[in-house]
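**Student:** Take a look at start.tsv, TSV, C-alpha atoms:
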```
chain	number	residue	atom	x	y	z
D	1	MET	CA	-75.07	152.81	-33.22
D	2	ASN	CA	-72.59	151.34	-35.69
D	3	HIS	CA	-70.69	148.38	-34.35
D	4	HIS	CA	-66.99	148.33	-35.31
D	5	LEU	CA	-66.28	144.74	-36.31
D	6	THR	CA	-63.15	143.01	-35.13
D	7	VAL	CA	-60.98	140.97	-37.48
D	8	LYS	CA	-62.61	137.74	-36.28
D	9	GLU	CA	-66.12	139.10	-36.81
D	10	LEU	CA	-65.49	140.19	-40.39
D	11	PRO	CA	-66.39	137.97	-43.35
D	12	GLU	CA	-63.33	136.09	-44.63
D	13	SER	CA	-63.22	138.15	-47.83
D	14	GLU	CA	-63.02	141.44	-45.89
D	15	LYS	CA	-60.41	140.52	-43.30
D	16	PRO	CA	-57.43	141.71	-45.37
D	17	TYR	CA	-58.78	145.29	-45.36
D	18	GLU	CA	-59.20	145.34	-41.59
D	19	LYS	CA	-55.78	143.76	-41.02
D	20	CYS	CA	-54.14	146.30	-43.32
D	21	LEU	CA	-55.76	149.21	-41.46
D	22	HIS	CA	-54.81	147.84	-38.04
D	23	TYR	CA	-51.37	146.40	-38.66
D	24	GLY	CA	-50.12	147.63	-42.04
D	25	ALA	CA	-49.91	146.02	-45.47
D	26	GLU	CA	-46.66	144.26	-44.54
D	27	CYS	CA	-48.66	142.00	-42.19
D	28	LEU	CA	-50.81	140.60	-44.99
D	29	SER	CA	-50.01	137.27	-46.61
D	30	ASP	CA	-49.48	137.05	-50.36
D	31	ALA	CA	-53.02	135.71	-50.77
D	32	GLU	CA	-54.48	138.52	-48.67
D	33	LEU	CA	-52.60	141.18	-50.63
D	34	LEU	CA	-53.96	139.77	-53.88
D	35	ALA	CA	-57.45	139.51	-52.40
D	36	VAL	CA	-57.42	143.25	-51.70
D	37	ILE	CA	-56.66	143.91	-55.38
D	38	ILE	CA	-59.17	141.34	-56.65
D	39	ARG	CA	-61.82	142.72	-54.26
D	40	THR	CA	-64.66	140.33	-55.12
D	41	GLY	CA	-64.87	136.65	-55.91
D	42	THR	CA	-67.56	134.73	-57.73
D	43	THR	CA	-70.40	132.40	-56.82
D	44	GLY	CA	-69.22	130.16	-54.00
D	45	ARG	CA	-65.68	131.58	-54.05
D	46	LYS	CA	-64.34	134.45	-51.98
D	47	SER	CA	-61.68	136.82	-53.32
D	48	ILE	CA	-59.05	135.16	-51.14
D	49	ASP	CA	-59.91	131.77	-52.70
D	50	VAL	CA	-59.36	133.27	-56.13
D	51	ALA	CA	-56.06	134.75	-54.93
D	52	ARG	CA	-54.89	131.38	-53.61
D	53	GLU	CA	-55.64	129.72	-56.96
D	54	ILE	CA	-53.47	132.30	-58.74
D	55	LEU	CA	-50.65	131.68	-56.28
D	56	ASN	CA	-50.90	127.90	-56.72
D	57	CYS	CA	-50.36	128.02	-60.50
D	58	ASN	CA	-46.98	127.47	-62.18
D	59	GLU	CA	-44.43	129.28	-59.96
D	60	LYS	CA	-46.40	128.71	-56.75
D	61	SER	CA	-45.79	132.36	-55.81
D	62	LEU	CA	-46.51	135.99	-56.66
D	63	LEU	CA	-44.23	135.55	-59.67
D	64	ASN	CA	-47.27	134.11	-61.42
D	65	LEU	CA	-48.38	137.70	-61.98
D	66	TYR	CA	-45.36	138.12	-64.26
D	67	HIS	CA	-45.56	134.82	-66.07
D	68	MET	CA	-49.26	134.11	-66.49
D	69	SER	CA	-50.85	135.45	-69.66
D	70	PHE	CA	-54.14	137.32	-69.77
D	71	LYS	CA	-55.76	134.14	-71.09
D	72	GLU	CA	-54.39	132.05	-68.21
D	73	LEU	CA	-55.55	134.58	-65.61
D	74	MET	CA	-59.01	134.85	-67.13
D	75	ALA	CA	-59.34	131.06	-67.08
D	76	ILE	CA	-59.52	131.28	-63.27
D	77	PRO	CA	-63.13	131.64	-62.06
D	78	GLY	CA	-63.55	135.13	-60.64
D	79	ILE	CA	-60.95	136.76	-62.89
D	80	GLY	CA	-62.42	138.64	-65.82
D	81	MET	CA	-60.74	140.96	-68.28
D	82	VAL	CA	-60.72	143.98	-65.95
D	83	LYS	CA	-59.18	142.09	-63.03
D	84	ALA	CA	-56.63	140.42	-65.31
D	85	VAL	CA	-55.56	143.85	-66.59
D	86	GLN	CA	-55.33	145.16	-63.02
D	87	LEU	CA	-53.14	142.25	-61.94
D	88	LYS	CA	-50.79	142.56	-64.93
D	89	CYS	CA	-50.52	146.32	-64.29
D	90	LEU	CA	-49.70	145.57	-60.65
D	91	ALA	CA	-46.85	143.30	-61.77
D	92	GLU	CA	-45.51	146.02	-64.07
D	93	ILE	CA	-45.72	148.64	-61.30
D	94	THR	CA	-43.56	146.46	-59.04
D	95	LYS	CA	-40.88	146.20	-61.75
D	96	ARG	CA	-40.86	149.95	-62.30
D	97	MET	CA	-40.76	150.71	-58.58
D	98	THR	CA	-37.74	148.44	-58.19
D	99	LYS	CA	-35.93	150.29	-60.98
D	100	ALA	CA	-36.90	153.70	-59.58
D	101	VAL	CA	-35.40	152.81	-56.20
D	102	ARG	CA	-32.18	151.33	-57.61
D	103	ILE	CA	-31.32	153.93	-60.26
D	104	ARG	CA	-29.59	156.11	-57.66
D	105	GLU	CA	-27.21	153.23	-56.94
D	106	VAL	CA	-26.20	152.52	-60.54
D	107	THR	CA	-22.52	153.16	-61.22
D	108	LEU	CA	-20.54	152.26	-64.31
D	109	ASN	CA	-17.78	150.49	-62.37
D	110	SER	CA	-20.10	148.32	-60.28
D	111	ALA	CA	-21.50	145.34	-62.17
D	112	SER	CA	-23.63	144.43	-59.17
D	113	SER	CA	-25.39	147.82	-59.17
D	114	VAL	CA	-26.14	147.58	-62.90
D	115	ALA	CA	-27.35	143.98	-62.57
D	116	ALA	CA	-29.57	144.87	-59.61
D	117	TYR	CA	-31.12	147.76	-61.53
D	118	TYR	CA	-32.14	145.59	-64.48
D	119	MET	CA	-32.72	142.31	-62.64
D	120	GLU	CA	-36.51	142.52	-62.28
D	121	GLU	CA	-36.95	143.84	-65.79
D	122	LEU	CA	-34.98	141.08	-67.49
D	123	ARG	CA	-35.06	137.95	-65.36
D	124	HIS	CA	-38.73	137.23	-66.08
D	125	GLU	CA	-38.43	137.42	-69.88
D	126	ASP	CA	-38.97	134.13	-71.72
D	127	ARG	CA	-36.72	135.19	-74.64
D	128	GLU	CA	-33.26	136.69	-74.63
D	129	ASN	CA	-33.29	140.49	-74.70
D	130	LEU	CA	-30.08	142.32	-75.59
D	131	MET	CA	-30.00	145.75	-73.97
D	132	LEU	CA	-27.60	148.62	-74.51
D	133	CYS	CA	-26.86	150.88	-71.51
D	134	MET	CA	-25.17	154.20	-72.24
D	135	PHE	CA	-23.08	156.39	-69.94
D	136	ASP	CA	-21.52	159.85	-70.27
D	137	SER	CA	-17.94	160.91	-69.48
D	138	GLN	CA	-18.91	161.26	-65.80
D	139	CYS	CA	-20.16	157.66	-65.77
D	140	VAL	CA	-23.79	158.78	-65.38
D	141	LEU	CA	-26.43	156.54	-66.96
D	142	LEU	CA	-27.86	158.34	-69.99
D	143	GLY	CA	-30.42	155.72	-70.93
D	144	ASP	CA	-30.95	152.24	-72.28
D	145	GLU	CA	-32.48	150.60	-75.33
D	146	ILE	CA	-33.38	147.07	-76.37
D	147	ILE	CA	-31.22	146.16	-79.37
D	148	SER	CA	-32.65	142.74	-80.16
D	149	ILE	CA	-35.10	140.15	-78.87
D	150	GLY	CA	-34.27	136.50	-79.39
D	151	THR	CA	-31.03	134.56	-79.28
D	152	VAL	CA	-27.95	136.75	-78.78
D	153	ASN	CA	-25.96	135.64	-81.81
D	154	ALA	CA	-22.78	137.22	-83.17
D	155	SER	CA	-24.08	136.91	-86.71
D	156	LEU	CA	-27.35	138.67	-85.84
D	157	VAL	CA	-26.26	141.43	-83.44
D	158	SER	CA	-25.35	144.55	-85.39
D	159	PRO	CA	-22.52	146.68	-83.91
D	160	ARG	CA	-23.61	149.36	-86.38
D	161	GLU	CA	-27.03	149.60	-84.70
D	162	ILE	CA	-25.44	149.62	-81.24
D	163	PHE	CA	-23.08	152.48	-82.01
D	164	ILE	CA	-25.65	154.53	-83.94
D	165	ARG	CA	-27.73	154.57	-80.77
D	166	ALA	CA	-24.70	155.21	-78.55
D	167	LEU	CA	-23.67	158.18	-80.70
D	168	ALA	CA	-27.20	159.54	-80.67
D	169	HIS	CA	-27.01	159.65	-76.86
D	170	GLN	CA	-23.46	161.03	-76.95
D	171	ALA	CA	-22.33	158.06	-74.90
D	172	VAL	CA	-18.68	157.64	-73.95
D	173	TYR	CA	-19.08	154.24	-72.27
D	174	ILE	CA	-21.52	151.42	-72.91
D	175	ILE	CA	-22.54	148.21	-71.18
D	176	LEU	CA	-24.32	145.30	-72.85
D	177	LEU	CA	-26.83	143.28	-70.87
D	178	HIS	CA	-28.87	140.28	-71.82
D	179	ASN	CA	-30.86	137.66	-69.97
D	180	HIS	CA	-30.77	133.89	-70.02
D	181	PRO	CA	-34.35	132.56	-69.69
D	182	SER	CA	-32.91	129.35	-68.22
D	183	GLY	CA	-31.95	131.38	-65.15
D	184	VAL	CA	-28.30	130.33	-65.46
D	185	PRO	CA	-26.12	133.31	-66.48
D	186	LEU	CA	-23.03	131.48	-67.72
D	187	PRO	CA	-21.78	132.88	-71.07
D	188	SER	CA	-22.10	130.83	-74.24
D	189	THR	CA	-19.62	130.82	-77.11
D	190	GLN	CA	-21.93	133.22	-78.95
D	191	ASP	CA	-22.00	135.56	-75.93
D	192	LYS	CA	-18.22	135.72	-76.01
D	193	LEU	CA	-18.16	136.37	-79.77
D	194	VAL	CA	-20.70	139.19	-79.45
D	195	THR	CA	-18.65	140.76	-76.66
D	196	ARG	CA	-15.40	140.62	-78.63
D	197	LYS	CA	-17.07	141.97	-81.77
D	198	VAL	CA	-18.63	144.97	-80.00
D	199	GLN	CA	-15.48	145.67	-78.02
D	200	GLU	CA	-13.35	145.80	-81.17
D	201	CYS	CA	-15.80	148.13	-82.91
D	202	GLY	CA	-15.95	150.33	-79.82
D	203	GLU	CA	-12.19	150.78	-79.84
D	204	LEU	CA	-12.41	152.11	-83.41
D	205	MET	CA	-15.35	154.39	-82.54
D	206	GLY	CA	-13.86	155.74	-79.32
D	207	ILE	CA	-16.76	154.36	-77.26
D	208	HIS	CA	-15.55	151.95	-74.58
D	209	LEU	CA	-17.40	148.70	-73.85
D	210	SER	CA	-17.13	148.64	-70.07
D	211	ASP	CA	-18.90	145.35	-69.43
D	212	HIS	CA	-21.24	142.68	-70.73
D	213	ILE	CA	-23.57	141.44	-67.99
D	214	ILE	CA	-25.72	138.34	-68.27
D	215	ILE	CA	-28.83	138.28	-66.09
D	216	GLY	CA	-30.06	134.99	-64.65
D	217	ASP	CA	-32.60	134.26	-61.94
D	218	ASN	CA	-31.45	136.57	-59.14
D	219	GLN	CA	-27.85	136.09	-60.23
D	220	TYR	CA	-25.60	137.57	-62.87
D	221	PHE	CA	-22.34	137.09	-64.75
D	222	SER	CA	-20.02	140.03	-65.48
D	223	PHE	CA	-17.39	139.78	-68.21
D	224	LYS	CA	-15.47	142.55	-66.46
D	225	GLU	CA	-15.51	140.90	-63.04
D	226	GLU	CA	-14.36	137.64	-64.60
D	227	ASN	CA	-11.52	139.44	-66.45
D	228	LEU	CA	-12.92	138.53	-69.86
D	229	LEU	CA	-12.67	142.12	-71.13
D	230	ALA	CA	-9.33	143.60	-72.14
```
Any chance you could give the structure as structure tokens?
**Tutor:**
Amino acid sequence: MNHHLTVKELPESEKPYEKCLHYGAECLSDAELLAVIIRTGTTGRKSIDVAREILNCNEKSLLNLYHMSFKELMAIPGIGMVKAVQLKCLAEITKRMTKAVRIREVTLNSASSVAAYYMEELRHEDRENLMLCMFDSQCVLLGDEIISIGTVNASLVSPREIFIRALAHQAVYIILLHNHPSGVPLPSTQDKLVTRKVQECGELMGIHLSDHIIIGDNQYFSFKEENLLA
């Protein structure tokens, strides 16, 4: 007769599975959740030991899945190419799930809803990404596109490129977003110049710049909320 093992009787590396079945995934620690994905360890190291080493790198949290490169992950004993790919895909899935949940809440006139929708996508980037968000006459989000990667500079950002894409989507309103890798979303002089430049071009094109939102680390700055847009 098969004996059903209790949590205490299970090997350490298998406990997360039993706990998940009995109590739900929400009861697992970060290390246990990762151990389930990693599945197996290596000689002398259980999967949960490997998981703890990942968590103890850099950010000291699950955010390491975003920030660690494939090379850094594979440098950890027990993480080969396949497991590194699985972990990076897991990180990407979490970003996309967050966006999928929040898209229903996005409204043109709510900077907080727009910032929340793009927060996970942009706040982990190590370079500035300038994104164009396009809305129709009913203020429904039509889509978004990355305009540039690197420093947001008035001399480098092309209003022509922005409005070509906006016209292609038949946008009536647009919002600019970009991230500050420092985590601090205060606007620079260049940010203000870019905003003014795009706003002036939009007035000529009949496409209204509704806001420019800067994404920091779980915080944002809205030109509209701060009355920096005419």
**Student:** Kindly indicate which residue among D:Thr43, D:Ser182, D:Thr94, D:Ser61 lies nearest to Ala31 of chain D, using only C-alpha atoms for the distances.
**Tutor:**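 Closest to Ala31 of chain D of all the choices is D:Ser61.
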**Student:** Would you please work out which residue, of D:Asn109, D:Ser69, D:Ser148, D:Thr42, is nearest to Asn179 of chain D when using only C-alpha atoms?
**Tutor:**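 Using only C-alpha atoms, the shortest distance to Asn179 of chain D belongs to D:Ser148.
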**Student:** In terms of the shortest atom-to-atom distance over all atoms listed in the file, which of D:Val184, D:Val152, D:Ile147, D:Leu141 is closest to His169 of chain D?
**Tutor:**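 Answer, going by the shortest atom-to-atom distance: D:Leu141.
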**Student:** May I ask which of the residues D:Ile207, D:Pro16, D:Cys27, D:Val157 is the closest one to Asp136 of chain D, counting all atoms listed in the file?
**Tutor:**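 Residue with the minimum atom-to-atom distance to Asp136 of chain D: D:Ile207.
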**Student:** Mind checking which residues fall within 6 Å of segment 208-211 of chain D, counting all atoms listed in the file, ignoring those fewer than 6 positions away in the same chain, and posting them as a ChimeraX atom specification?
**Tutor:** /D:173-175,199,202,223-224
**Student:** Would you list the contacts of Lys88 of chain D as a list in words, taking every protein, DNA or RNA residue within 9 Å and counting only C-alpha atoms, but skipping same-chain residues closer than 3 positions in sequence?
**Tutor:**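 Surrounding residues, per the criterion: Leu65, Tyr66, Met68, Ser69, Phe70, Lys83, Ala84, Val85, Ala91, Glu92 and Ile93 of chain D.
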**Student:** With all atoms listed in the file as the basis for distance, which of D:Glu121, D:Met81, D:Ala115, D:Tyr17 is at the shortest distance from Met97 of chain D?
**Tutor:**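 Among the listed residues, the smallest separation from Met97 of chain D belongs to D:Glu121.
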**Student:** Find the residues around Asn129 of chain D up to 12 Å (all atoms listed in the file counted), leave out those fewer than 6 positions away in its own chain, and share them as a PyMOL selection string.
**Tutor:** chain D and resi 118+121-123+145-153+157+176-181+213-216
**Student:** Which polymer residues have any atom within 12 Å of an atom of Gly78 of chain D, counting only C-alpha atoms, with same-chain residues fewer than 5 positions away left out, as an mmCIF file with C-alpha atoms, keeping the file's coordinate frame?
**Tutor:**
```
data_model
loop_
_atom_site.group_PDB
_atom_site.id
_atom_site.type_symbol
_atom_site.label_atom_id
_atom_site.label_comp_id
_atom_site.auth_asym_id
_atom_site.auth_seq_id
_atom_site.Cartn_x
_atom_site.Cartn_y
_atom_site.Cartn_z
ATOM 1 C CA ALA D 35 -57.450 139.510 -52.400
ATOM 2 C CA ILE D 38 -59.170 141.340 -56.650
ATOM 3 C CA ARG D 39 -61.820 142.720 -54.260
ATOM 4 C CA THR D 40 -64.660 140.330 -55.120
ATOM 5 C CA GLY D 41 -64.870 136.650 -55.910
ATOM 6 C CA THR D 42 -67.560 134.730 -57.730
ATOM 7 C CA THR D 43 -70.400 132.400 -56.820
ATOM 8 C CA GLY D 44 -69.220 130.160 -54.000
ATOM 9 C CA ARG D 45 -65.680 131.580 -54.050
ATOM 10 C CA LYS D 46 -64.340 134.450 -51.980
ATOM 11 C CA SER D 47 -61.680 136.820 -53.320
ATOM 12 C CA ILE D 48 -59.050 135.160 -51.140
ATOM 13 C CA ASP D 49 -59.910 131.770 -52.700
ATOM 14 C CA VAL D 50 -59.360 133.270 -56.130
ATOM 15 C CA ALA D 51 -56.060 134.750 -54.930
ATOM 16 C CA ARG D 52 -54.890 131.380 -53.610
ATOM 17 C CA GLU D 53 -55.640 129.720 -56.960
ATOM 18 C CA ILE D 54 -53.470 132.300 -58.740
ATOM 19 C CA LEU D 73 -55.550 134.580 -65.610
ATOM 20 C CA LYS D 83 -59.180 142.090 -63.030
ATOM 21 C CA ALA D 84 -56.630 140.420 -65.310
#
```
**Student:** Using 4 Å of padding on each side, determine the axis-aligned box around all atoms of segment 148-159 of chain D present in the file and give its centre and edge lengths in Å to one decimal, as lines of an AutoDock Vina configuration file.
**Tutor:**
```
center_x = -28.8
center_y = 140.6
center_z = -82.7
size_x = 20.6
size_y = 20.1
size_z = 15.9
```
**Student:** What's the separation between atom CA of Ala111 of chain D and atom CA of Gln219 of chain D, in Å to one decimal place?
**Tutor:** 11.4 Å
**Student:** Identify which of the residues D:Leu142, D:Cys89, D:Leu55, D:Ala116 lies closest to Val101 of chain D, counting all atoms listed in the file when measuring atom-to-atom distances.
**Tutor:**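 Of D:Leu142, D:Cys89, D:Leu55, D:Ala116, the one nearest Val101 of chain D, counting all atoms listed in the file, is D:Ala116.
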**Student:** Record the distance separating atom CA of Leu33 of chain D and atom CA of Leu87 of chain D, expressed in Å with one decimal.
**Tutor:**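 If I compute the distance from atom CA of Leu33 of chain D to atom CA of Leu87 of chain D, I get 11.4 Å.
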**Student:** Have a look at atom CA of Ser113 of chain D and atom CA of Asn218 of chain D and let me know their distance in Å, one decimal.
**Tutor:** 12.8 Å
